[in-house]
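Structure file protein.csv with CSV, C-alpha atoms:
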```
chain,number,residue,atom,x,y,z
A,1,MET,CA,-42.7,5.9,79.2
A,2,LYS,CA,-44.6,2.8,78.1
A,3,GLN,CA,-42.8,1.0,75.3
A,4,LYS,CA,-44.8,0.6,72.1
A,5,THR,CA,-45.7,-3.0,71.3
A,6,SER,CA,-47.6,-4.4,68.4
A,7,TRP,CA,-48.9,-7.9,67.5
A,8,LEU,CA,-47.9,-7.1,63.9
A,9,ASN,CA,-44.2,-6.8,64.7
A,10,SER,CA,-42.2,-9.7,63.5
A,11,PRO,CA,-38.5,-10.4,62.7
A,12,TYR,CA,-39.4,-13.0,60.2
A,13,SER,CA,-39.0,-12.8,56.4
A,14,LEU,CA,-42.0,-13.1,54.1
A,15,ARG,CA,-41.0,-16.7,53.3
A,16,GLU,CA,-40.7,-17.6,57.0
A,17,LYS,CA,-44.2,-16.1,57.6
A,18,LEU,CA,-45.7,-18.1,54.9
A,19,ASN,CA,-44.0,-21.3,56.1
A,20,PHE,CA,-45.2,-20.4,59.6
A,21,LEU,CA,-48.8,-20.6,58.5
A,22,LYS,CA,-48.3,-23.5,56.1
A,23,TYR,CA,-46.8,-25.8,58.7
A,24,ARG,CA,-49.3,-24.9,61.3
A,25,ILE,CA,-52.0,-26.2,59.0
A,26,GLU,CA,-50.0,-29.1,57.6
A,27,ALA,CA,-47.8,-31.6,59.3
A,28,PRO,CA,-44.3,-30.2,60.2
A,29,CYS,CA,-41.8,-29.8,57.4
A,30,THR,CA,-39.7,-33.0,56.9
A,31,PHE,CA,-37.2,-31.6,54.5
A,32,ASN,CA,-33.6,-31.7,55.6
A,33,HIS,CA,-32.1,-28.3,54.5
A,34,THR,CA,-28.5,-29.4,55.2
A,35,ASN,CA,-26.2,-32.1,54.0
A,36,GLU,CA,-25.7,-33.3,57.6
A,37,ARG,CA,-26.7,-36.7,58.9
A,38,PHE,CA,-28.2,-36.5,62.4
A,39,GLU,CA,-28.8,-39.0,65.2
A,40,GLU,CA,-32.5,-39.5,65.7
A,41,GLY,CA,-34.7,-41.3,68.2
A,42,ARG,CA,-34.2,-42.0,71.9
A,43,ILE,CA,-30.5,-41.9,72.6
A,44,HIS,CA,-28.1,-42.9,75.4
A,45,HIS,CA,-24.4,-42.0,75.1
A,46,GLU,CA,-21.9,-43.2,77.8
A,47,PHE,CA,-18.6,-41.2,77.9
A,48,SER,CA,-17.1,-42.2,81.2
A,49,SER,CA,-17.3,-45.0,83.8
A,50,MET,CA,-16.9,-42.5,86.7
A,51,LYS,CA,-19.5,-42.1,89.3
A,52,THR,CA,-22.3,-39.6,88.7
A,53,ASP,CA,-22.1,-36.6,91.0
A,54,PHE,CA,-24.4,-34.1,89.4
A,55,SER,CA,-27.2,-34.2,86.8
A,56,ILE,CA,-29.1,-31.6,84.9
A,57,GLY,CA,-32.1,-31.9,82.5
A,58,PHE,CA,-33.7,-29.7,79.8
A,59,ILE,CA,-37.3,-29.9,78.6
A,60,GLY,CA,-39.0,-28.4,75.6
A,61,ASP,CA,-40.6,-25.0,75.6
A,62,PHE,CA,-43.0,-24.4,78.5
A,63,MET,CA,-45.8,-22.6,76.7
A,64,PRO,CA,-49.1,-21.2,78.2
A,65,TYR,CA,-51.3,-24.2,79.1
A,66,GLY,CA,-54.6,-22.3,79.6
A,67,GLU,CA,-56.9,-22.3,82.6
A,68,GLY,CA,-57.2,-26.1,83.1
A,69,GLU,CA,-54.9,-28.5,85.0
A,70,LEU,CA,-51.4,-29.5,84.0
A,71,VAL,CA,-50.5,-33.1,85.0
A,72,LEU,CA,-47.3,-35.1,84.7
A,73,GLU,CA,-47.5,-38.8,84.3
A,74,GLN,CA,-45.5,-41.0,86.7
A,75,PRO,CA,-42.8,-42.4,84.3
A,76,LEU,CA,-41.9,-38.8,83.4
A,77,LEU,CA,-41.9,-37.7,87.1
A,78,GLY,CA,-39.6,-40.6,87.8
A,79,LYS,CA,-37.1,-39.3,85.2
A,80,LEU,CA,-37.3,-35.7,86.6
A,81,GLY,CA,-36.9,-36.9,90.1
A,82,GLU,CA,-33.4,-38.1,89.3
A,83,LEU,CA,-32.2,-34.6,88.5
A,84,ASP,CA,-30.3,-32.0,90.6
A,85,PHE,CA,-31.6,-29.2,88.4
A,86,LEU,CA,-34.2,-28.8,85.6
A,87,VAL,CA,-33.9,-26.0,83.0
A,88,VAL,CA,-37.3,-24.7,81.9
A,89,ASN,CA,-37.5,-22.5,78.8
A,90,VAL,CA,-40.4,-20.2,79.7
A,91,GLU,CA,-41.8,-18.8,76.5
A,92,GLY,CA,-43.9,-15.7,77.1
A,93,VAL,CA,-44.5,-13.4,80.1
A,94,ILE,CA,-46.5,-13.8,83.4
A,95,THR,CA,-48.9,-10.9,83.0
A,96,SER,CA,-52.6,-10.0,83.1
A,97,GLN,CA,-52.3,-8.4,79.6
A,98,SER,CA,-53.0,-10.2,76.3
A,99,ARG,CA,-52.5,-9.6,72.6
A,100,TYR,CA,-52.6,-11.6,69.4
A,101,LEU,CA,-49.4,-13.5,68.8
A,102,ALA,CA,-48.2,-12.7,72.3
A,103,LEU,CA,-47.8,-15.4,75.0
A,104,THR,CA,-49.3,-14.8,78.4
A,105,HIS,CA,-48.8,-17.1,81.3
A,106,ARG,CA,-51.3,-17.3,84.1
A,107,ALA,CA,-50.5,-15.7,87.5
A,108,ASP,CA,-50.0,-19.0,89.3
A,109,VAL,CA,-47.8,-20.7,86.7
A,110,VAL,CA,-44.7,-20.6,89.0
A,111,GLU,CA,-46.5,-22.1,91.9
A,112,LYS,CA,-47.8,-24.8,89.5
A,113,MET,CA,-44.3,-25.5,88.2
A,114,ARG,CA,-42.9,-25.8,91.8
A,115,SER,CA,-45.7,-28.3,92.6
A,116,LEU,CA,-45.1,-30.4,89.5
A,117,PHE,CA,-41.3,-30.6,89.1
A,118,PRO,CA,-39.6,-32.6,91.9
A,119,CYS,CA,-36.2,-30.8,91.5
A,120,PRO,CA,-34.8,-27.2,91.7
A,121,LEU,CA,-35.7,-25.1,88.7
A,122,ILE,CA,-33.7,-22.8,86.4
A,123,PHE,CA,-35.8,-20.5,84.2
A,124,ASN,CA,-34.4,-19.6,80.7
A,125,VAL,CA,-36.0,-16.4,79.5
A,126,ALA,CA,-34.0,-15.8,76.3
A,127,ASN,CA,-36.7,-16.1,73.7
A,128,ASN,CA,-38.5,-14.0,71.0
A,129,HIS,CA,-41.6,-13.5,73.3
A,130,SER,CA,-39.8,-12.0,76.3
A,131,ALA,CA,-40.5,-8.4,75.1
A,132,ASP,CA,-44.1,-9.1,74.1
A,133,PHE,CA,-45.5,-6.6,76.7
A,134,GLY,CA,-42.5,-4.2,77.1
A,135,GLU,CA,-39.7,-4.0,79.6
A,136,ALA,CA,-41.7,-3.1,82.7
A,137,GLU,CA,-43.9,-6.2,82.4
A,138,PHE,CA,-40.8,-8.4,81.7
A,139,LEU,CA,-39.1,-7.1,84.8
A,140,ARG,CA,-42.2,-8.0,86.8
A,141,HIS,CA,-42.1,-11.4,85.2
A,142,LEU,CA,-38.5,-11.8,86.3
A,143,ASP,CA,-39.4,-10.9,89.9
A,144,VAL,CA,-41.9,-13.7,90.0
A,145,LEU,CA,-39.6,-16.3,88.5
A,146,SER,CA,-36.6,-15.4,90.7
A,147,VAL,CA,-38.6,-16.3,93.8
A,148,ALA,CA,-38.8,-19.8,92.6
A,149,GLY,CA,-35.5,-20.5,91.0
A,150,ASP,CA,-32.4,-19.1,89.2
A,151,VAL,CA,-32.8,-17.2,85.9
A,152,VAL,CA,-30.6,-17.3,82.8
A,153,GLY,CA,-30.7,-15.3,79.6
A,154,THR,CA,-31.2,-11.7,80.7
A,155,ASP,CA,-27.6,-11.1,79.4
A,156,HIS,CA,-24.6,-13.1,78.4
A,157,ARG,CA,-23.3,-13.6,81.9
A,158,PRO,CA,-23.1,-17.3,82.8
A,159,LEU,CA,-25.2,-19.0,85.4
A,160,ILE,CA,-22.8,-21.2,87.4
A,161,LEU,CA,-24.4,-24.4,88.6
A,162,GLN,CA,-21.4,-26.2,90.1
A,163,PRO,CA,-17.7,-25.3,90.0
A,164,GLY,CA,-16.9,-25.5,86.3
A,165,ILE,CA,-20.5,-26.1,84.9
A,166,ARG,CA,-22.0,-22.9,83.3
A,167,LEU,CA,-25.1,-22.0,81.3
A,168,PHE,CA,-25.3,-19.2,78.7
A,169,ALA,CA,-28.6,-18.4,77.0
A,170,SER,CA,-29.4,-16.0,74.1
A,171,THR,CA,-32.1,-15.5,71.5
A,172,ARG,CA,-31.7,-14.9,67.8
A,173,TRP,CA,-34.4,-12.2,67.7
A,174,SER,CA,-37.2,-10.5,69.5
A,175,ASN,CA,-40.8,-10.1,68.3
A,176,GLN,CA,-40.6,-6.4,69.4
A,177,PRO,CA,-38.2,-3.7,68.3
A,178,HIS,CA,-36.7,-3.5,71.8
A,179,CYS,CA,-35.1,-6.6,73.3
A,180,THR,CA,-35.2,-7.4,77.0
A,181,VAL,CA,-32.8,-10.3,77.0
A,182,ALA,CA,-29.5,-11.5,75.5
A,183,HIS,CA,-29.5,-11.8,71.8
A,184,PHE,CA,-27.1,-13.0,69.0
A,185,ASP,CA,-26.7,-13.1,65.3
A,186,TYR,CA,-25.6,-16.2,63.3
A,187,MET,CA,-22.5,-14.2,62.4
A,188,ASP,CA,-21.6,-13.6,66.0
A,189,SER,CA,-19.8,-16.9,66.6
A,190,ASP,CA,-16.5,-15.1,67.3
A,191,THR,CA,-18.2,-12.9,69.9
A,192,LEU,CA,-19.9,-15.8,71.5
A,193,SER,CA,-16.8,-17.9,71.5
A,194,ALA,CA,-15.1,-15.4,73.8
A,195,LEU,CA,-17.6,-16.3,76.5
A,196,PHE,CA,-16.5,-19.9,76.9
A,197,SER,CA,-13.6,-21.3,78.9
A,198,PRO,CA,-11.6,-24.5,78.4
A,199,GLU,CA,-11.5,-24.8,82.2
A,200,ALA,CA,-15.3,-25.1,82.5
A,201,TYR,CA,-18.0,-27.3,81.0
A,202,ASP,CA,-20.1,-24.6,79.1
A,203,LEU,CA,-23.6,-25.2,77.8
A,204,PHE,CA,-25.1,-22.7,75.3
A,205,LEU,CA,-28.9,-22.4,75.0
A,206,PRO,CA,-29.8,-20.6,71.8
A,207,HIS,CA,-33.3,-19.7,70.7
A,208,TRP,CA,-33.1,-20.1,66.9
A,209,GLY,CA,-34.3,-21.8,63.8
A,210,TYR,CA,-37.6,-22.2,61.9
A,211,GLU,CA,-41.0,-23.1,63.5
A,212,MET,CA,-42.5,-26.5,62.6
A,213,HIS,CA,-39.3,-27.7,60.8
A,214,LEU,CA,-38.0,-31.1,61.8
A,215,TYR,CA,-34.4,-30.3,60.8
A,216,PRO,CA,-32.2,-27.3,61.5
A,217,ASN,CA,-31.2,-24.8,58.8
A,218,ASP,CA,-27.7,-24.3,57.3
A,219,ASP,CA,-27.0,-21.2,59.5
A,220,GLN,CA,-27.7,-23.2,62.7
A,221,VAL,CA,-25.5,-26.1,61.7
A,222,THR,CA,-22.6,-23.8,60.6
A,223,MET,CA,-22.8,-21.8,63.8
A,224,ALA,CA,-23.0,-24.9,66.0
A,225,GLN,CA,-20.0,-26.5,64.4
A,226,ARG,CA,-18.0,-23.2,64.7
A,227,LEU,CA,-18.8,-23.0,68.4
A,228,LEU,CA,-18.1,-26.7,69.2
A,229,PHE,CA,-15.0,-27.0,67.0
A,230,SER,CA,-13.4,-23.5,67.3
A,231,SER,CA,-14.2,-22.5,70.9
A,232,SER,CA,-14.5,-24.0,74.3
A,233,CYS,CA,-18.3,-24.5,74.1
A,234,ASP,CA,-19.1,-28.1,75.0
A,235,ALA,CA,-22.8,-28.5,74.4
A,236,ILE,CA,-25.7,-26.6,72.7
A,237,VAL,CA,-29.3,-27.1,73.6
A,238,GLY,CA,-31.7,-25.1,71.4
A,239,SER,CA,-35.3,-24.0,71.4
A,240,HIS,CA,-38.0,-22.3,69.3
A,241,PRO,CA,-39.0,-24.6,66.4
A,242,HIS,CA,-41.7,-26.1,68.7
A,243,VAL,CA,-40.9,-29.6,67.4
A,244,PRO,CA,-38.0,-31.8,68.5
A,245,GLN,CA,-35.1,-31.8,66.1
A,246,PRO,CA,-32.3,-34.3,65.9
A,247,LEU,CA,-28.9,-34.3,67.6
A,248,GLN,CA,-25.3,-34.4,66.6
A,249,PHE,CA,-22.4,-35.8,68.8
A,250,TYR,CA,-18.8,-34.9,68.1
A,251,GLY,CA,-17.0,-37.1,70.7
A,252,ASP,CA,-18.3,-35.8,74.0
A,253,LYS,CA,-19.4,-32.5,72.5
A,254,MET,CA,-23.0,-32.3,71.2
A,255,VAL,CA,-25.8,-30.1,69.8
A,256,ALA,CA,-29.5,-30.6,70.3
A,257,TYR,CA,-31.0,-28.2,67.8
A,258,SER,CA,-34.5,-28.1,69.4
A,259,LEU,CA,-36.4,-29.9,72.2
A,260,GLY,CA,-39.8,-29.0,70.9
A,261,ASN,CA,-42.7,-28.2,73.3
A,262,PHE,CA,-43.2,-29.5,76.8
A,263,CYS,CA,-46.7,-28.1,77.1
A,264,PHE,CA,-49.1,-25.8,75.1
A,265,ARG,CA,-52.9,-25.5,75.0
A,266,ASN,CA,-53.1,-26.0,71.3
A,267,VAL,CA,-55.5,-28.2,69.3
A,268,ASN,CA,-53.0,-28.9,66.6
A,269,PRO,CA,-50.9,-32.0,67.5
A,270,ASN,CA,-47.9,-30.5,65.7
A,271,HIS,CA,-47.2,-28.8,69.0
A,272,HIS,CA,-47.7,-31.8,71.3
A,273,PHE,CA,-44.2,-33.4,71.1
A,274,GLY,CA,-41.0,-32.6,73.0
A,275,SER,CA,-37.7,-34.0,74.3
A,276,LEU,CA,-36.2,-34.4,77.7
A,277,ILE,CA,-32.4,-34.4,77.5
A,278,THR,CA,-30.3,-35.1,80.6
A,279,PHE,CA,-26.6,-34.8,81.3
A,280,GLN,CA,-24.8,-36.7,84.1
A,281,PHE,CA,-21.5,-35.3,85.3
A,282,ALA,CA,-18.6,-36.6,87.4
A,283,LEU,CA,-17.0,-33.8,89.5
A,284,PRO,CA,-13.4,-34.7,90.3
A,285,VAL,CA,-12.0,-32.6,93.1
A,286,GLY,CA,-10.0,-29.7,91.8
A,287,GLU,CA,-10.5,-30.8,88.1
A,288,ARG,CA,-12.7,-29.8,85.2
A,289,PRO,CA,-16.2,-31.6,85.3
A,290,VAL,CA,-16.4,-34.7,83.2
A,291,LEU,CA,-19.5,-35.5,81.1
A,292,LYS,CA,-20.4,-39.0,82.1
A,293,SER,CA,-23.4,-39.6,80.0
A,294,ALA,CA,-26.2,-38.0,78.0
A,295,ASP,CA,-29.8,-39.3,77.5
A,296,VAL,CA,-32.7,-38.2,75.3
A,297,VAL,CA,-36.3,-39.4,75.6
A,298,PHE,CA,-39.5,-38.0,74.0
A,299,THR,CA,-42.5,-36.4,75.7
A,300,HIS,CA,-46.0,-36.1,74.5
A,301,GLN,CA,-49.0,-34.0,75.8
A,302,THR,CA,-52.6,-35.1,75.7
A,303,VAL,CA,-55.0,-32.2,75.6
A,304,THR,CA,-58.6,-32.3,76.9
A,305,PRO,CA,-60.9,-29.3,77.5
A,306,ASP,CA,-60.0,-29.4,81.2
A,307,SER,CA,-56.4,-30.5,81.3
A,308,ILE,CA,-53.1,-31.2,79.7
A,309,SER,CA,-51.3,-34.4,80.7
A,310,VAL,CA,-47.6,-34.8,79.8
A,311,GLY,CA,-45.9,-38.1,79.7
A,312,LEU,CA,-43.1,-40.1,77.9
A,313,THR,CA,-43.6,-41.6,74.4
A,314,GLU,CA,-41.6,-44.0,72.3
A,315,ARG,CA,-41.7,-42.1,69.0
A,316,LEU,CA,-42.7,-38.9,67.2
A,317,ASP,CA,-45.6,-39.6,64.9
A,318,TYR,CA,-47.2,-36.4,63.8
A,319,PHE,CA,-49.1,-38.0,60.9
A,320,GLU,CA,-50.8,-40.5,63.2
A,321,ALA,CA,-51.5,-37.9,65.8
A,322,ARG,CA,-53.2,-35.6,63.2
A,323,LYS,CA,-55.7,-38.3,62.3
A,324,SER,CA,-57.6,-37.6,65.5
A,325,MET,CA,-57.2,-33.8,65.2
A,326,LYS,CA,-60.5,-32.0,65.8
A,327,LYS,CA,-61.1,-29.4,63.1
A,328,GLY,CA,-63.1,-26.3,63.8
A,329,TRP,CA,-62.9,-22.8,65.3
A,330,ASN,CA,-60.3,-23.8,67.9
A,331,LEU,CA,-58.0,-25.0,65.2
A,332,LEU,CA,-58.3,-21.6,63.4
A,333,THR,CA,-57.5,-19.7,66.6
A,334,ASP,CA,-54.4,-21.8,67.0
A,335,LEU,CA,-53.0,-20.0,64.0
A,336,ILE,CA,-52.7,-16.7,65.8
A,337,LYS,CA,-51.2,-18.0,69.0
```
Kindly transcribe the structure held in the file into structure tokens.
Amino acid sequence: MKQKTSWLNSPYSLREKLNFLKYRIEAPCTFNHTNERFEEGRIHHEFSSMKTDFSIGFIGDFMPYGEGELVLEQPLLGKLGELDFLVVNVEGVITSQSRYLALTHRADVVEKMRSLFPCPLIFNVANNHSADFGEAEFLRHLDVLSVAGDVVGTDHRPLILQPGIRLFASTRWSNQPHCTVAHFDYMDSDTLSALFSPEAYDLFLPHWGYEMHLYPNDDQVTMAQRLLFSSSCDAIVGSHPHVPQPLQFYGDKMVAYSLGNFCFRNVNPNHHFGSLITFQFALPVGERPVLKSADVVFTHQTVTPDSISVGLTERLDYFEARKSMKKGWNLLTDLIK
């Protein structure tokens, strides 16, 4: 039986829905909802002088980029070429179907990613759009992805990258009443804590937070601190707000609340910024992996009618980017993407 789907379904409160529209029209929300002080800007942290044996990177949300070309600029390609694996958060489903407020990827998106990214890929599918077209379409989507790389987020089982390095992915909610992937609640920190092991380096990838907010909310900060302080979770790399949010380091443990967007065919430059975070590990024989260093740089996409070009940028400046924003029908259609 075909599962019922509707573009009107939404897990958001009325306040979140109003904010969703407000900050798609205005620049992103700059209010810090918490009492926390965060590290901001391009970051490099060195934790060990040991030799790097393994590296993994995470980019912002890989959103539908339309029918034009997607191009990566050389400095960004250079960074990606240093990695052993790249984790790509694939928002939406590869399908020929379409609906308002649902995300559809073109049929050749995986071939495009394989041609663009110079390292092996891991696809994170734990997001609120995974069920946009029902379970059957999602399973077809998984079949296509699994040909090109490993997949994480269908359940809470870890993806093991190296002995002792594990990935877990989960979403806070689904846009449909059924959920095809792993999901969690902010009150589930005890349940999630049971997944992690002190003998491994465990990274948790939550899909959470408010769209177009430059800072996390109190629930996210509370949950992150519980997982990092009261369990064996070592690092948290979040997604969903579509704008990069700041980081916090607690010794060699850390949380990146959101990496923003990697690509998205969208006129509004609110959606044009992202982060690339990379982790370098030493792998002592017979011992737990050691985090050697962590780096964060920013990405920015340039959108033309025929292409999207993604490269590195020094700073996040939404207000300057919005000065050249073209107002018109395309901007209005962005509101229902």
Within 12 Å of Asn19 in chain A using all atoms listed in the file, minus same-chain residues under 2 positions, as a PyMOL selection string: chain A and resi 12-17+21-29+210-213+241
Need the shell around Trp208 in chain A: protein/DNA/RNA residues with any atom at most 10 Å away, counting only C-alpha atoms. Skip same-chain ones fewer than 3 positions apart. Format as a count of residues only? 21
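For the set A:Asp132, A:Asp155, A:Asp218, A:Asp143, the residue with the smallest atom-to-atom gap to His178 in chain A is A:Asp132, counting all atoms listed in the file.
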Show me as a list in words the residues that reach within 10 Å of (-52.8, -5.6, 76.3), counting all atoms listed in the file and using the file's own coordinates. Thr5, Ser6, Trp7, Thr95, Ser96, Gln97, Ser98, Arg99, Tyr100, Ala102, Asp132 and Phe133 of chain A
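A straight line drawn from CA of Leu192 in chain A to CA of Lys4 in chain A is 29.8 Å long.
The space separating CA of Phe117 in chain A from CA of Ser146 in chain A comes to 16.0 Å.
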Neighbour list for range 161-167 of chain A as a short mmCIF file (atom, residue, chain, number, x, y, z; two decimals) with C-alpha atoms, in the coordinates of the input, cut-off 6 Å, all atoms listed in the file, skip fewer than 4 positions in-chain:
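Dumped to selection12.cif:
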```
data_model
loop_
_atom_site.label_atom_id
_atom_site.label_comp_id
_atom_site.auth_asym_id
_atom_site.auth_seq_id
_atom_site.Cartn_x
_atom_site.Cartn_y
_atom_site.Cartn_z
CA ALA A 200 -15.30 -25.10 82.50
CA TYR A 201 -18.00 -27.30 81.00
CA ASP A 202 -20.10 -24.60 79.10
CA LEU A 203 -23.60 -25.20 77.80
#
```
Name all residues at most 8 Å from Val310 in chain A (count all atoms listed in the file; drop same-chain ones fewer than 2 positions away) and give them as a list in words.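 Everything that qualifies: Leu70, Val71, Leu72, Glu73, Leu76, Phe262, Cys263, Thr299, His300, Gln301, Thr302, Ile308 and Leu312 of chain A.
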Who sits within 8 Å of range 275-280 of chain A, all atoms listed in the file, same chain under 5 positions skipped, as a compact mmCIF listing (two decimals) with C-alpha atoms, in the coordinates of the input:
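Saved file around-v2.txt follows:
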```txt
# COMPACT_ATOMS: atom_id res chain seq x y z
CA THR A 52 -22.30 -39.60 88.70
CA ASP A 53 -22.10 -36.60 91.00
CA PHE A 54 -24.40 -34.10 89.40
CA SER A 55 -27.20 -34.20 86.80
CA ILE A 56 -29.10 -31.60 84.90
CA GLY A 57 -32.10 -31.90 82.50
CA PHE A 58 -33.70 -29.70 79.80
CA ILE A 59 -37.30 -29.90 78.60
CA GLY A 60 -39.00 -28.40 75.60
CA PRO A 244 -38.00 -31.80 68.50
CA LEU A 259 -36.40 -29.90 72.20
CA GLY A 260 -39.80 -29.00 70.90
CA ASN A 261 -42.70 -28.20 73.30
CA PHE A 262 -43.20 -29.50 76.80
CA LEU A 291 -19.50 -35.50 81.10
CA LYS A 292 -20.40 -39.00 82.10
CA SER A 293 -23.40 -39.60 80.00
CA ALA A 294 -26.20 -38.00 78.00
CA ASP A 295 -29.80 -39.30 77.50
CA VAL A 296 -32.70 -38.20 75.30
CA VAL A 297 -36.30 -39.40 75.60
CA PHE A 298 -39.50 -38.00 74.00
CA THR A 299 -42.50 -36.40 75.70
```
From the options A:Leu116, A:Leu121, A:Val110, A:Val181, which residue's atoms come nearest to Phe138 in chain A, counting only C-alpha atoms?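 The answer is A:Val181, which sits nearest to Phe138 in chain A.
Ranking A:Pro305, A:Gly41, A:Pro206, A:Pro120 by their shortest atom-to-atom distance to Leu247 in chain A, with only C-alpha atoms included, puts A:Gly41 first.
Reported to one decimal place, the separation of CA of Thr154 in chain A from CA of Phe249 in chain A is 28.3 Å.
Residue nearest Val151 in chain A within the list A:Asn89, A:Gln176, A:Ser189, A:Ser232: A:Asn89 [criterion: smallest interatomic distance, all atoms listed in the file].
The nearest approach to Asn175 in chain A among the residues A:Gly68, A:Pro118, A:Gly92, A:Pro246, with only C-alpha atoms taken into account, belongs to A:Gly92.
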Determine the nearest neighbour of Glu135 in chain A from the options A:Asn270, A:Gln245, A:Ser174, A:Thr180, counting only C-alpha atoms.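 Under the stated criterion, the closest residue is A:Thr180.
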